[in-house]
$ cat data.pdb   # PDB, C-alpha atoms, pLDDT in the B column
ATOM      1  CA  GLN A   1     132.168 242.941 117.356  1.00 57.00           C
ATOM      2  CA  GLN A   2     132.909 244.141 120.862  1.00 65.00           C
ATOM      3  CA  GLN A   3     131.969 241.315 123.193  1.00 89.00           C
ATOM      4  CA  VAL A   4     132.640 243.369 126.334  1.00 96.00           C
ATOM      5  CA  LYS A   5     131.399 246.955 126.400  1.00 96.00           C
ATOM      6  CA  GLN A   6     132.777 249.330 129.017  1.00 97.00           C
ATOM      7  CA  SER A   7     131.580 252.748 130.139  1.00 97.00           C
ATOM      8  CA  PRO A   8     132.341 255.526 130.678  1.00 97.00           C
ATOM      9  CA  GLN A   9     135.430 256.165 128.539  1.00 96.00           C
ATOM     10  CA  SER A  10     136.661 258.721 131.042  1.00 97.00           C
ATOM     11  CA  LEU A  11     135.707 259.611 134.580  1.00 98.00           C
ATOM     12  CA  ILE A  12     136.678 262.421 136.944  1.00 98.00           C
ATOM     13  CA  VAL A  13     135.992 261.962 140.659  1.00 98.00           C
ATOM     14  CA  GLN A  14     136.837 264.077 143.640  1.00 98.00           C
ATOM     15  CA  LYS A  15     139.137 262.673 146.287  1.00 98.00           C
ATOM     16  CA  GLY A  16     137.138 260.640 148.771  1.00 98.00           C
ATOM     17  CA  GLY A  17     134.301 260.012 146.335  1.00 98.00           C
ATOM     18  CA  ILE A  18     133.091 256.761 144.793  1.00 98.00           C
ATOM     19  CA  SER A  19     134.250 255.793 141.311  1.00 98.00           C
ATOM     20  CA  ILE A  20     131.964 253.467 139.351  1.00 98.00           C
ATOM     21  CA  ILE A  21     132.847 251.792 136.050  1.00 98.00           C
ATOM     22  CA  ASN A  22     130.408 249.526 134.255  1.00 98.00           C
ATOM     23  CA  CYS A  23     130.788 246.631 131.835  1.00 98.00           C
ATOM     24  CA  ALA A  24     128.354 244.498 129.874  1.00 98.00           C
ATOM     25  CA  TYR A  25     129.068 241.258 128.078  1.00 97.00           C
ATOM     26  CA  GLU A  26     127.293 239.189 125.460  1.00 93.00           C
ATOM     27  CA  ASN A  27     128.812 235.728 125.563  1.00 92.00           C
ATOM     28  CA  THR A  28     127.042 233.585 128.180  1.00 91.00           C
ATOM     29  CA  ALA A  29     130.002 231.187 128.112  1.00 88.00           C
ATOM     30  CA  PHE A  30     132.145 233.727 129.972  1.00 90.00           C
ATOM     31  CA  ASP A  31     132.783 232.544 133.530  1.00 87.00           C
ATOM     32  CA  TYR A  32     135.599 234.719 134.791  1.00 89.00           C
ATOM     33  CA  PHE A  33     135.534 238.518 135.056  1.00 93.00           C
ATOM     34  CA  PRO A  34     138.728 240.352 136.068  1.00 94.00           C
ATOM     35  CA  TRP A  35     139.497 244.039 136.312  1.00 97.00           C
ATOM     36  CA  TYR A  36     142.951 245.262 135.339  1.00 97.00           C
ATOM     37  CA  GLN A  37     144.571 248.553 136.333  1.00 98.00           C
ATOM     38  CA  GLN A  38     147.106 250.259 134.093  1.00 98.00           C
ATOM     39  CA  PHE A  39     149.331 253.221 134.918  1.00 97.00           C
ATOM     40  CA  PRO A  40     150.890 255.301 132.122  1.00 94.00           C
ATOM     41  CA  GLY A  41     153.844 253.557 130.506  1.00 93.00           C
ATOM     42  CA  LYS A  42     153.177 250.285 132.326  1.00 95.00           C
ATOM     43  CA  GLY A  43     151.500 247.012 131.525  1.00 97.00           C
ATOM     44  CA  PRO A  44     148.083 246.175 133.000  1.00 97.00           C
ATOM     45  CA  ALA A  45     148.011 244.492 136.404  1.00 97.00           C
ATOM     46  CA  LEU A  46     145.233 242.407 137.909  1.00 95.00           C
ATOM     47  CA  LEU A  47     143.223 244.392 140.449  1.00 96.00           C
ATOM     48  CA  ILE A  48     140.330 242.130 141.393  1.00 95.00           C
ATOM     49  CA  ALA A  49     138.316 239.337 139.774  1.00 92.00           C
ATOM     50  CA  ILE A  50     135.011 237.523 140.218  1.00 92.00           C
ATOM     51  CA  ARG A  51     133.412 234.244 139.171  1.00 89.00           C
ATOM     52  CA  PRO A  52     129.669 234.142 138.316  1.00 87.00           C
ATOM     53  CA  ASP A  53     128.761 232.062 141.377  1.00 88.00           C
ATOM     54  CA  VAL A  54     128.876 235.180 143.599  1.00 91.00           C
ATOM     55  CA  SER A  55     127.207 238.580 143.162  1.00 94.00           C
ATOM     56  CA  GLU A  56     129.826 240.688 144.894  1.00 96.00           C
ATOM     57  CA  LYS A  57     133.489 240.562 145.808  1.00 95.00           C
ATOM     58  CA  LYS A  58     135.306 243.110 147.925  1.00 96.00           C
ATOM     59  CA  GLU A  59     139.011 243.671 148.376  1.00 95.00           C
ATOM     60  CA  GLY A  60     139.849 246.724 150.432  1.00 97.00           C
ATOM     61  CA  ARG A  61     138.368 249.788 148.743  1.00 98.00           C
ATOM     62  CA  PHE A  62     137.621 247.877 145.526  1.00 98.00           C
ATOM     63  CA  THR A  63     134.354 245.997 144.970  1.00 98.00           C
ATOM     64  CA  ILE A  64     133.032 244.086 141.974  1.00 97.00           C
ATOM     65  CA  SER A  65     129.265 243.784 141.633  1.00 96.00           C
ATOM     66  CA  PHE A  66     128.022 241.098 139.278  1.00 96.00           C
ATOM     67  CA  ASN A  67     124.556 240.681 137.747  1.00 95.00           C
ATOM     68  CA  LYS A  68     124.417 237.412 135.845  1.00 94.00           C
ATOM     69  CA  SER A  69     120.876 237.834 134.512  1.00 94.00           C
ATOM     70  CA  ALA A  70     121.652 241.274 133.104  1.00 96.00           C
ATOM     71  CA  LYS A  71     125.110 240.168 131.926  1.00 96.00           C
ATOM     72  CA  GLN A  72     126.662 243.183 133.614  1.00 97.00           C
ATOM     73  CA  PHE A  73     129.395 243.780 136.149  1.00 97.00           C
ATOM     74  CA  SER A  74     130.865 246.886 137.657  1.00 98.00           C
ATOM     75  CA  LEU A  75     133.853 248.128 139.633  1.00 98.00           C
ATOM     76  CA  HIS A  76     133.323 250.404 142.605  1.00 98.00           C
ATOM     77  CA  ILE A  77     136.251 252.272 144.149  1.00 98.00           C
ATOM     78  CA  MET A  78     135.368 253.643 147.562  1.00 98.00           C
ATOM     79  CA  ASP A  79     137.163 256.633 149.086  1.00 98.00           C
ATOM     80  CA  SER A  80     138.915 257.278 145.767  1.00 98.00           C
ATOM     81  CA  GLN A  81     142.480 258.575 146.069  1.00 98.00           C
ATOM     82  CA  PRO A  82     144.755 260.444 143.621  1.00 97.00           C
ATOM     83  CA  GLY A  83     146.903 257.302 143.466  1.00 97.00           C
ATOM     84  CA  ASP A  84     143.921 255.482 141.923  1.00 98.00           C
ATOM     85  CA  SER A  85     144.218 257.666 138.820  1.00 98.00           C
ATOM     86  CA  ALA A  86     144.826 255.145 136.050  1.00 98.00           C
ATOM     87  CA  THR A  87     143.132 253.375 133.175  1.00 97.00           C
ATOM     88  CA  TYR A  88     140.877 250.501 134.182  1.00 98.00           C
ATOM     89  CA  PHE A  89     139.937 247.601 131.941  1.00 98.00           C
ATOM     90  CA  CYS A  90     137.242 245.046 132.534  1.00 98.00           C
ATOM     91  CA  ALA A  91     137.670 241.686 130.863  1.00 96.00           C
ATOM     92  CA  ALA A  92     136.012 238.311 130.514  1.00 94.00           C
ATOM     93  CA  SER A  93     137.019 234.792 129.588  1.00 89.00           C
ATOM     94  CA  ALA A  94     135.543 231.341 129.307  1.00 84.00           C
ATOM     95  CA  LEU A  95     137.829 229.165 131.383  1.00 73.00           C
ATOM     96  CA  LYS A  96     135.820 226.005 130.768  1.00 59.00           C
ATOM     97  CA  TYR A  97     137.188 225.940 127.236  1.00 51.00           C
ATOM     98  CA  GLY A  98     140.624 225.093 128.522  1.00 55.00           C
ATOM     99  CA  GLY A  99     143.507 226.404 130.552  1.00 67.00           C
ATOM    100  CA  ALA A 100     144.468 229.163 128.129  1.00 75.00           C
ATOM    101  CA  GLN A 101     142.830 232.305 129.445  1.00 82.00           C
ATOM    102  CA  LYS A 102     141.679 234.052 126.284  1.00 88.00           C
ATOM    103  CA  LEU A 103     140.700 237.371 127.792  1.00 92.00           C
ATOM    104  CA  VAL A 104     138.322 239.712 125.977  1.00 94.00           C
ATOM    105  CA  PHE A 105     138.858 243.261 127.187  1.00 96.00           C
ATOM    106  CA  GLY A 106     136.559 246.251 127.399  1.00 96.00           C
ATOM    107  CA  GLN A 107     137.595 249.540 125.818  1.00 96.00           C
ATOM    108  CA  GLY A 108     139.037 250.990 129.034  1.00 97.00           C
ATOM    109  CA  THR A 109     138.151 253.865 131.359  1.00 98.00           C
ATOM    110  CA  ARG A 110     140.585 256.644 132.154  1.00 97.00           C
ATOM    111  CA  LEU A 111     139.956 257.560 135.788  1.00 98.00           C
ATOM    112  CA  THR A 112     141.198 260.845 137.243  1.00 98.00           C
ATOM    113  CA  ILE A 113     140.893 261.558 140.950  1.00 98.00           C
ATOM    114  CA  ASN A 114     141.094 265.252 141.715  1.00 96.00           C
ATOM    115  CA  PRO A 115     142.750 266.161 145.036  1.00 91.00           C
TER     116      PRO A 115
ATOM    117  CA  ASN B   1     162.380 237.910 139.636  1.00 74.00           C
ATOM    118  CA  ALA B   2     162.163 240.168 136.607  1.00 83.00           C
ATOM    119  CA  GLY B   3     158.672 238.865 135.785  1.00 94.00           C
ATOM    120  CA  VAL B   4     157.798 239.515 132.147  1.00 97.00           C
ATOM    121  CA  THR B   5     160.244 241.546 130.073  1.00 97.00           C
ATOM    122  CA  GLN B   6     159.872 242.812 126.513  1.00 98.00           C
ATOM    123  CA  THR B   7     162.459 243.901 123.963  1.00 97.00           C
ATOM    124  CA  PRO B   8     162.619 246.505 122.478  1.00 97.00           C
ATOM    125  CA  LYS B   9     160.702 249.226 124.330  1.00 97.00           C
ATOM    126  CA  PHE B  10     160.270 251.420 121.247  1.00 97.00           C
ATOM    127  CA  ARG B  11     160.641 250.841 117.526  1.00 96.00           C
ATOM    128  CA  VAL B  12     159.927 252.770 114.349  1.00 97.00           C
ATOM    129  CA  LEU B  13     159.532 250.793 111.128  1.00 97.00           C
ATOM    130  CA  LYS B  14     158.892 251.734 107.546  1.00 97.00           C
ATOM    131  CA  THR B  15     156.057 250.068 105.668  1.00 97.00           C
ATOM    132  CA  GLY B  16     157.155 246.684 104.396  1.00 97.00           C
ATOM    133  CA  GLN B  17     159.979 246.189 106.890  1.00 97.00           C
ATOM    134  CA  SER B  18     160.033 243.203 109.215  1.00 96.00           C
ATOM    135  CA  MET B  19     160.849 242.859 112.875  1.00 96.00           C
ATOM    136  CA  THR B  20     160.590 240.533 115.837  1.00 97.00           C
ATOM    137  CA  LEU B  21     159.436 241.423 119.321  1.00 98.00           C
ATOM    138  CA  LEU B  22     160.860 239.327 122.135  1.00 97.00           C
ATOM    139  CA  CYS B  23     159.039 238.418 125.327  1.00 98.00           C
ATOM    140  CA  ALA B  24     160.714 236.595 128.190  1.00 98.00           C
ATOM    141  CA  GLN B  25     159.316 235.394 131.517  1.00 97.00           C
ATOM    142  CA  ASP B  26     161.134 233.900 134.475  1.00 96.00           C
ATOM    143  CA  MET B  27     158.105 232.547 136.379  1.00 93.00           C
ATOM    144  CA  ASN B  28     158.056 229.157 134.636  1.00 93.00           C
ATOM    145  CA  HIS B  29     154.565 229.867 133.297  1.00 91.00           C
ATOM    146  CA  GLU B  30     153.063 227.515 130.738  1.00 90.00           C
ATOM    147  CA  TYR B  31     150.835 230.033 128.979  1.00 92.00           C
ATOM    148  CA  MET B  32     151.986 233.124 127.117  1.00 95.00           C
ATOM    149  CA  TYR B  33     150.049 235.730 125.168  1.00 96.00           C
ATOM    150  CA  TRP B  34     150.562 238.641 122.799  1.00 98.00           C
ATOM    151  CA  TYR B  35     148.125 241.572 122.829  1.00 98.00           C
ATOM    152  CA  ARG B  36     147.932 244.869 121.020  1.00 98.00           C
ATOM    153  CA  GLN B  37     146.500 247.973 122.660  1.00 97.00           C
ATOM    154  CA  ASP B  38     144.904 250.711 120.597  1.00 95.00           C
ATOM    155  CA  PRO B  39     143.054 253.813 121.828  1.00 89.00           C
ATOM    156  CA  GLY B  40     139.385 253.099 122.425  1.00 86.00           C
ATOM    157  CA  MET B  41     139.824 249.396 121.636  1.00 89.00           C
ATOM    158  CA  GLY B  42     141.207 247.994 124.857  1.00 92.00           C
ATOM    159  CA  LEU B  43     143.613 245.078 124.488  1.00 96.00           C
ATOM    160  CA  ARG B  44     143.065 242.488 121.787  1.00 96.00           C
ATOM    161  CA  LEU B  45     144.625 239.044 121.752  1.00 96.00           C
ATOM    162  CA  ILE B  46     146.883 238.399 118.743  1.00 97.00           C
ATOM    163  CA  HIS B  47     148.297 234.915 119.410  1.00 97.00           C
ATOM    164  CA  TYR B  48     148.853 232.735 122.430  1.00 95.00           C
ATOM    165  CA  SER B  49     150.757 229.624 123.447  1.00 94.00           C
ATOM    166  CA  VAL B  50     149.809 226.828 125.833  1.00 90.00           C
ATOM    167  CA  GLY B  51     153.318 225.452 126.050  1.00 91.00           C
ATOM    168  CA  GLU B  52     156.724 225.123 124.453  1.00 94.00           C
ATOM    169  CA  GLY B  53     156.414 224.415 120.736  1.00 94.00           C
ATOM    170  CA  THR B  54     152.715 225.307 120.532  1.00 93.00           C
ATOM    171  CA  THR B  55     150.956 228.436 119.275  1.00 95.00           C
ATOM    172  CA  ALA B  56     147.369 229.384 118.472  1.00 94.00           C
ATOM    173  CA  LYS B  57     145.510 232.292 116.904  1.00 95.00           C
ATOM    174  CA  GLY B  58     143.727 234.882 118.963  1.00 93.00           C
ATOM    175  CA  GLU B  59     141.249 237.569 117.996  1.00 92.00           C
ATOM    176  CA  VAL B  60     143.434 239.580 115.562  1.00 95.00           C
ATOM    177  CA  PRO B  61     146.179 237.268 114.189  1.00 97.00           C
ATOM    178  CA  ASP B  62     146.441 238.530 110.602  1.00 96.00           C
ATOM    179  CA  GLY B  63     149.834 239.993 109.698  1.00 96.00           C
ATOM    180  CA  TYR B  64     151.603 238.428 112.678  1.00 98.00           C
ATOM    181  CA  ASN B  65     153.473 235.203 113.322  1.00 97.00           C
ATOM    182  CA  VAL B  66     154.701 233.763 116.602  1.00 98.00           C
ATOM    183  CA  SER B  67     157.063 231.126 117.870  1.00 97.00           C
ATOM    184  CA  ARG B  68     157.651 229.495 121.254  1.00 97.00           C
ATOM    185  CA  LEU B  69     160.853 227.486 120.894  1.00 95.00           C
ATOM    186  CA  LYS B  70     161.693 227.800 124.590  1.00 96.00           C
ATOM    187  CA  LYS B  71     159.230 227.805 127.464  1.00 96.00           C
ATOM    188  CA  GLN B  72     160.428 231.150 128.758  1.00 97.00           C
ATOM    189  CA  ASN B  73     160.358 233.011 125.432  1.00 98.00           C
ATOM    190  CA  PHE B  74     157.535 234.014 123.105  1.00 98.00           C
ATOM    191  CA  LEU B  75     158.400 235.849 119.890  1.00 98.00           C
ATOM    192  CA  LEU B  76     156.049 237.997 117.826  1.00 98.00           C
ATOM    193  CA  GLY B  77     157.009 238.652 114.215  1.00 97.00           C
ATOM    194  CA  LEU B  78     155.808 241.151 111.666  1.00 96.00           C
ATOM    195  CA  GLU B  79     156.866 239.992 108.205  1.00 92.00           C
ATOM    196  CA  SER B  80     155.783 243.100 106.274  1.00 96.00           C
ATOM    197  CA  ALA B  81     154.803 245.943 108.576  1.00 96.00           C
ATOM    198  CA  ALA B  82     151.791 248.111 107.742  1.00 97.00           C
ATOM    199  CA  PRO B  83     150.693 251.449 109.269  1.00 97.00           C
ATOM    200  CA  SER B  84     147.660 249.635 110.726  1.00 97.00           C
ATOM    201  CA  GLN B  85     150.093 247.732 112.949  1.00 97.00           C
ATOM    202  CA  THR B  86     151.113 250.910 114.751  1.00 97.00           C
ATOM    203  CA  SER B  87     150.222 250.051 118.324  1.00 98.00           C
ATOM    204  CA  VAL B  88     151.491 249.216 121.775  1.00 98.00           C
ATOM    205  CA  TYR B  89     152.212 245.505 122.084  1.00 98.00           C
ATOM    206  CA  PHE B  90     151.983 243.681 125.386  1.00 98.00           C
ATOM    207  CA  CYS B  91     153.148 240.220 126.256  1.00 98.00           C
ATOM    208  CA  ALA B  92     151.646 238.332 129.193  1.00 97.00           C
ATOM    209  CA  SER B  93     152.072 234.976 130.886  1.00 94.00           C
ATOM    210  CA  SER B  94     150.011 232.878 133.277  1.00 90.00           C
ATOM    211  CA  GLN B  95     150.073 229.649 135.228  1.00 83.00           C
ATOM    212  CA  THR B  96     148.033 226.566 134.412  1.00 68.00           C
ATOM    213  CA  LEU B  97     146.750 225.634 137.850  1.00 62.00           C
ATOM    214  CA  PHE B  98     143.544 226.802 139.515  1.00 62.00           C
ATOM    215  CA  PRO B  99     143.329 229.375 140.957  1.00 60.00           C
ATOM    216  CA  ALA B 100     146.810 230.692 140.094  1.00 55.00           C
ATOM    217  CA  GLY B 101     146.025 230.351 136.408  1.00 58.00           C
ATOM    218  CA  TYR B 102     143.533 233.166 136.563  1.00 78.00           C
ATOM    219  CA  GLU B 103     146.051 236.011 136.711  1.00 86.00           C
ATOM    220  CA  GLN B 104     147.940 237.159 133.672  1.00 92.00           C
ATOM    221  CA  TYR B 105     151.214 238.970 134.297  1.00 94.00           C
ATOM    222  CA  PHE B 106     151.950 241.659 131.735  1.00 97.00           C
ATOM    223  CA  GLY B 107     155.214 243.045 130.465  1.00 97.00           C
ATOM    224  CA  PRO B 108     155.901 246.800 130.149  1.00 97.00           C
ATOM    225  CA  GLY B 109     154.980 246.947 126.472  1.00 97.00           C
ATOM    226  CA  THR B 110     156.620 247.817 123.147  1.00 97.00           C
ATOM    227  CA  ARG B 111     155.514 250.947 121.339  1.00 97.00           C
ATOM    228  CA  LEU B 112     155.709 250.327 117.601  1.00 97.00           C
ATOM    229  CA  THR B 113     155.223 252.990 114.957  1.00 97.00           C
ATOM    230  CA  VAL B 114     154.986 252.068 111.276  1.00 97.00           C
ATOM    231  CA  THR B 115     155.408 254.967 108.856  1.00 96.00           C
TER     232      THR B 115
END
$ encode --input "data.pdb" --output "structure tokens"
Amino acid sequence: QQQVKQSPQSLIVQKGGISIINCAYENTAFDYFPWYQQFPGKGPALLIAIRPDVSEKKEGRFTISFNKSAKQFSLHIMDSQPGDSATYFCAASALKYGGAQKLVFGQGTRLTINP
Amino acid sequence: NAGVTQTPKFRVLKTGQSMTLLCAQDMNHEYMYWYRQDPGMGLRLIHYSVGEGTTAKGEVPDGYNVSRLKKQNFLLGLESAAPSQTSVYFCASSQTLFPAGYEQYFGPGTRLTVT
């Protein structure tokens, strides 16, 4: 049972365009939603995260939009650059169950930015 | 700071063989995690630890054992490897305190092939 569903599996965007990756979750106990970025041969690294008390969070060219009622959240990359080419994972966890952050990951999206 | 390191980087096992993957972190983090990454599945939590001497099961614990004898080390063992355990294994660690506890730091991964 995939608790966090991510789409699309792969995405090709032209340089300067907007990249959009979507995720949907089922467990209403989730209260923390991070996005991780992974380059080939490397471990994932935290990119940006949001709590459900806000609907949007922006850090530079990266924005998370969050829709609590629809149980959906998305990552927007503005002015996409070739250096953004990587695999992106959304994730969710229920922090109120304790300090251990048991992340549930989406399936991943391989993003390619064409120059 | 080396962050999170994993040993070995690559390993090939035959069915039925055993091995131990070592994870070490130098950030004095309380929490440590083992994930496996498979194509189209994202990362799935195998086991985690909330402190020295403690371990707990994650989403896919069957066929794996773990130990956390020292705070900085988290070992993942495969007692009798199976082809289904062919995967890339990632170790991660995190802090306990809000908001620092929300980021997991990942190691570079171990690519394991079971033939």
$ closest_residue --input "data.pdb" --among "A:Val54, A:Ala70, A:Ile48, A:Leu75" --to "chain B" --atoms "all atoms listed in the file"
A:Ile48
$ closest_atom_pairs --input "data.pdb" --of "chain B" --to "chain A" --cutoff "12 Å" --atoms "only C-alpha atoms" --output "JSON lines"
{"residue": "B:Gly3", "atom": "CA", "partner": "A:Gly43", "partner_atom": "CA", "distance": 11.7}
{"residue": "B:Val4", "atom": "CA", "partner": "A:Gly43", "partner_atom": "CA", "distance": 9.8}
{"residue": "B:Thr5", "atom": "CA", "partner": "A:Gly43", "partner_atom": "CA", "distance": 10.4}
{"residue": "B:Gln6", "atom": "CA", "partner": "A:Gly43", "partner_atom": "CA", "distance": 10.6}
{"residue": "B:Lys9", "atom": "CA", "partner": "A:Gly41", "partner_atom": "CA", "distance": 10.2}
{"residue": "B:Phe10", "atom": "CA", "partner": "A:Gly41", "partner_atom": "CA", "distance": 11.5}
{"residue": "B:His29", "atom": "CA", "partner": "A:Ala100", "partner_atom": "CA", "distance": 11.4}
{"residue": "B:Glu30", "atom": "CA", "partner": "A:Ala100", "partner_atom": "CA", "distance": 9.1}
{"residue": "B:Tyr31", "atom": "CA", "partner": "A:Ala100", "partner_atom": "CA", "distance": 6.5}
{"residue": "B:Met32", "atom": "CA", "partner": "A:Ala100", "partner_atom": "CA", "distance": 8.6}
{"residue": "B:Tyr33", "atom": "CA", "partner": "A:Lys102", "partner_atom": "CA", "distance": 8.6}
{"residue": "B:Trp34", "atom": "CA", "partner": "A:Lys102", "partner_atom": "CA", "distance": 10.6}
{"residue": "B:Tyr35", "atom": "CA", "partner": "A:Leu103", "partner_atom": "CA", "distance": 9.9}
{"residue": "B:Arg36", "atom": "CA", "partner": "A:Phe105", "partner_atom": "CA", "distance": 11.1}
{"residue": "B:Gln37", "atom": "CA", "partner": "A:Gln107", "partner_atom": "CA", "distance": 9.6}
{"residue": "B:Asp38", "atom": "CA", "partner": "A:Gln107", "partner_atom": "CA", "distance": 9.1}
{"residue": "B:Pro39", "atom": "CA", "partner": "A:Gln107", "partner_atom": "CA", "distance": 8.0}
{"residue": "B:Gly40", "atom": "CA", "partner": "A:Gln107", "partner_atom": "CA", "distance": 5.2}
{"residue": "B:Met41", "atom": "CA", "partner": "A:Gln107", "partner_atom": "CA", "distance": 4.7}
{"residue": "B:Gly42", "atom": "CA", "partner": "A:Gln107", "partner_atom": "CA", "distance": 4.0}
{"residue": "B:Leu43", "atom": "CA", "partner": "A:Phe105", "partner_atom": "CA", "distance": 5.8}
{"residue": "B:Arg44", "atom": "CA", "partner": "A:Phe105", "partner_atom": "CA", "distance": 6.9}
{"residue": "B:Leu45", "atom": "CA", "partner": "A:Lys102", "partner_atom": "CA", "distance": 7.4}
{"residue": "B:Ile46", "atom": "CA", "partner": "A:Lys102", "partner_atom": "CA", "distance": 10.1}
{"residue": "B:His47", "atom": "CA", "partner": "A:Lys102", "partner_atom": "CA", "distance": 9.6}
{"residue": "B:Tyr48", "atom": "CA", "partner": "A:Ala100", "partner_atom": "CA", "distance": 8.0}
{"residue": "B:Ser49", "atom": "CA", "partner": "A:Ala100", "partner_atom": "CA", "distance": 7.9}
{"residue": "B:Val50", "atom": "CA", "partner": "A:Ala100", "partner_atom": "CA", "distance": 6.3}
{"residue": "B:Gly51", "atom": "CA", "partner": "A:Ala100", "partner_atom": "CA", "distance": 9.8}
{"residue": "B:Thr54", "atom": "CA", "partner": "A:Ala100", "partner_atom": "CA", "distance": 11.9}
{"residue": "B:Thr55", "atom": "CA", "partner": "A:Ala100", "partner_atom": "CA", "distance": 11.0}
{"residue": "B:Ala56", "atom": "CA", "partner": "A:Ala100", "partner_atom": "CA", "distance": 10.1}
{"residue": "B:Lys57", "atom": "CA", "partner": "A:Lys102", "partner_atom": "CA", "distance": 10.3}
{"residue": "B:Gly58", "atom": "CA", "partner": "A:Lys102", "partner_atom": "CA", "distance": 7.6}
{"residue": "B:Glu59", "atom": "CA", "partner": "A:Val104", "partner_atom": "CA", "distance": 8.8}
{"residue": "B:Val60", "atom": "CA", "partner": "A:Val104", "partner_atom": "CA", "distance": 11.6}
{"residue": "B:Val88", "atom": "CA", "partner": "A:Gly43", "partner_atom": "CA", "distance": 10.0}
{"residue": "B:Tyr89", "atom": "CA", "partner": "A:Gly43", "partner_atom": "CA", "distance": 9.6}
{"residue": "B:Phe90", "atom": "CA", "partner": "A:Gly43", "partner_atom": "CA", "distance": 7.0}
{"residue": "B:Cys91", "atom": "CA", "partner": "A:Gly43", "partner_atom": "CA", "distance": 8.8}
{"residue": "B:Ala92", "atom": "CA", "partner": "A:Gly43", "partner_atom": "CA", "distance": 9.0}
{"residue": "B:Ser93", "atom": "CA", "partner": "A:Gln101", "partner_atom": "CA", "distance": 9.7}
{"residue": "B:Ser94", "atom": "CA", "partner": "A:Gln101", "partner_atom": "CA", "distance": 8.2}
{"residue": "B:Gln95", "atom": "CA", "partner": "A:Gly99", "partner_atom": "CA", "distance": 8.7}
{"residue": "B:Thr96", "atom": "CA", "partner": "A:Gly99", "partner_atom": "CA", "distance": 6.0}
{"residue": "B:Leu97", "atom": "CA", "partner": "A:Gly99", "partner_atom": "CA", "distance": 8.0}
{"residue": "B:Phe98", "atom": "CA", "partner": "A:Gly99", "partner_atom": "CA", "distance": 9.0}
{"residue": "B:Pro99", "atom": "CA", "partner": "A:Gly99", "partner_atom": "CA", "distance": 10.8}
{"residue": "B:Ala100", "atom": "CA", "partner": "A:Gly99", "partner_atom": "CA", "distance": 11.0}
{"residue": "B:Gly101", "atom": "CA", "partner": "A:Gly99", "partner_atom": "CA", "distance": 7.5}
{"residue": "B:Tyr102", "atom": "CA", "partner": "A:Gln101", "partner_atom": "CA", "distance": 7.2}
{"residue": "B:Glu103", "atom": "CA", "partner": "A:Leu46", "partner_atom": "CA", "distance": 6.6}
{"residue": "B:Gln104", "atom": "CA", "partner": "A:Leu46", "partner_atom": "CA", "distance": 7.3}
{"residue": "B:Tyr105", "atom": "CA", "partner": "A:Ala45", "partner_atom": "CA", "distance": 6.7}
{"residue": "B:Phe106", "atom": "CA", "partner": "A:Gly43", "partner_atom": "CA", "distance": 5.4}
{"residue": "B:Gly107", "atom": "CA", "partner": "A:Gly43", "partner_atom": "CA", "distance": 5.5}
{"residue": "B:Pro108", "atom": "CA", "partner": "A:Gly43", "partner_atom": "CA", "distance": 4.6}
{"residue": "B:Gly109", "atom": "CA", "partner": "A:Gly43", "partner_atom": "CA", "distance": 6.1}
{"residue": "B:Thr110", "atom": "CA", "partner": "A:Gly41", "partner_atom": "CA", "distance": 9.7}
{"residue": "B:Arg111", "atom": "CA", "partner": "A:Gly41", "partner_atom": "CA", "distance": 9.7}
$ residues_around --input "data.pdb" --residues "range 16-25 of chain B" --least-positions-apart "3" --cutoff "7 Å" --atoms "only C-alpha atoms" --output "PyMOL selection string"
chain B and resi 3-8+13+72-82+91
$ atom_distance --input "data.pdb" --atom1 "CA of Thr87 in chain A" --atom2 "CA of Asn22 in chain A"
13.3 Å
$ atom_distance --input "data.pdb" --atom1 "CA of Thr63 in chain A" --atom2 "CA of Ala24 in chain A"
16.3 Å
$ residues_near_point --input "data.pdb" --point "(141.6, 258.7, 143.1)" --cutoff "8 Å" --atoms "only C-alpha atoms" --output "JSON, numbers by chain"
{"A": [13, 14, 15, 16, 79, 80, 81, 82, 83, 84, 85, 111, 112, 113, 114, 115]}
$ atom_distance --input "data.pdb" --atom1 "CA of Lys68 in chain A" --atom2 "CA of Ser55 in chain A"
7.9 Å
$ closest_residue --input "data.pdb" --among "A:Ser10, A:Ala86, A:Phe66, A:Arg110" --to "Cys23 in chain A" --atoms "all atoms listed in the file"
A:Phe66
$ closest_residue --input "data.pdb" --among "A:Lys58, A:Trp35, A:Ser65, A:Ser74" --to "Ser7 in chain A" --atoms "only C-alpha atoms"
A:Ser74
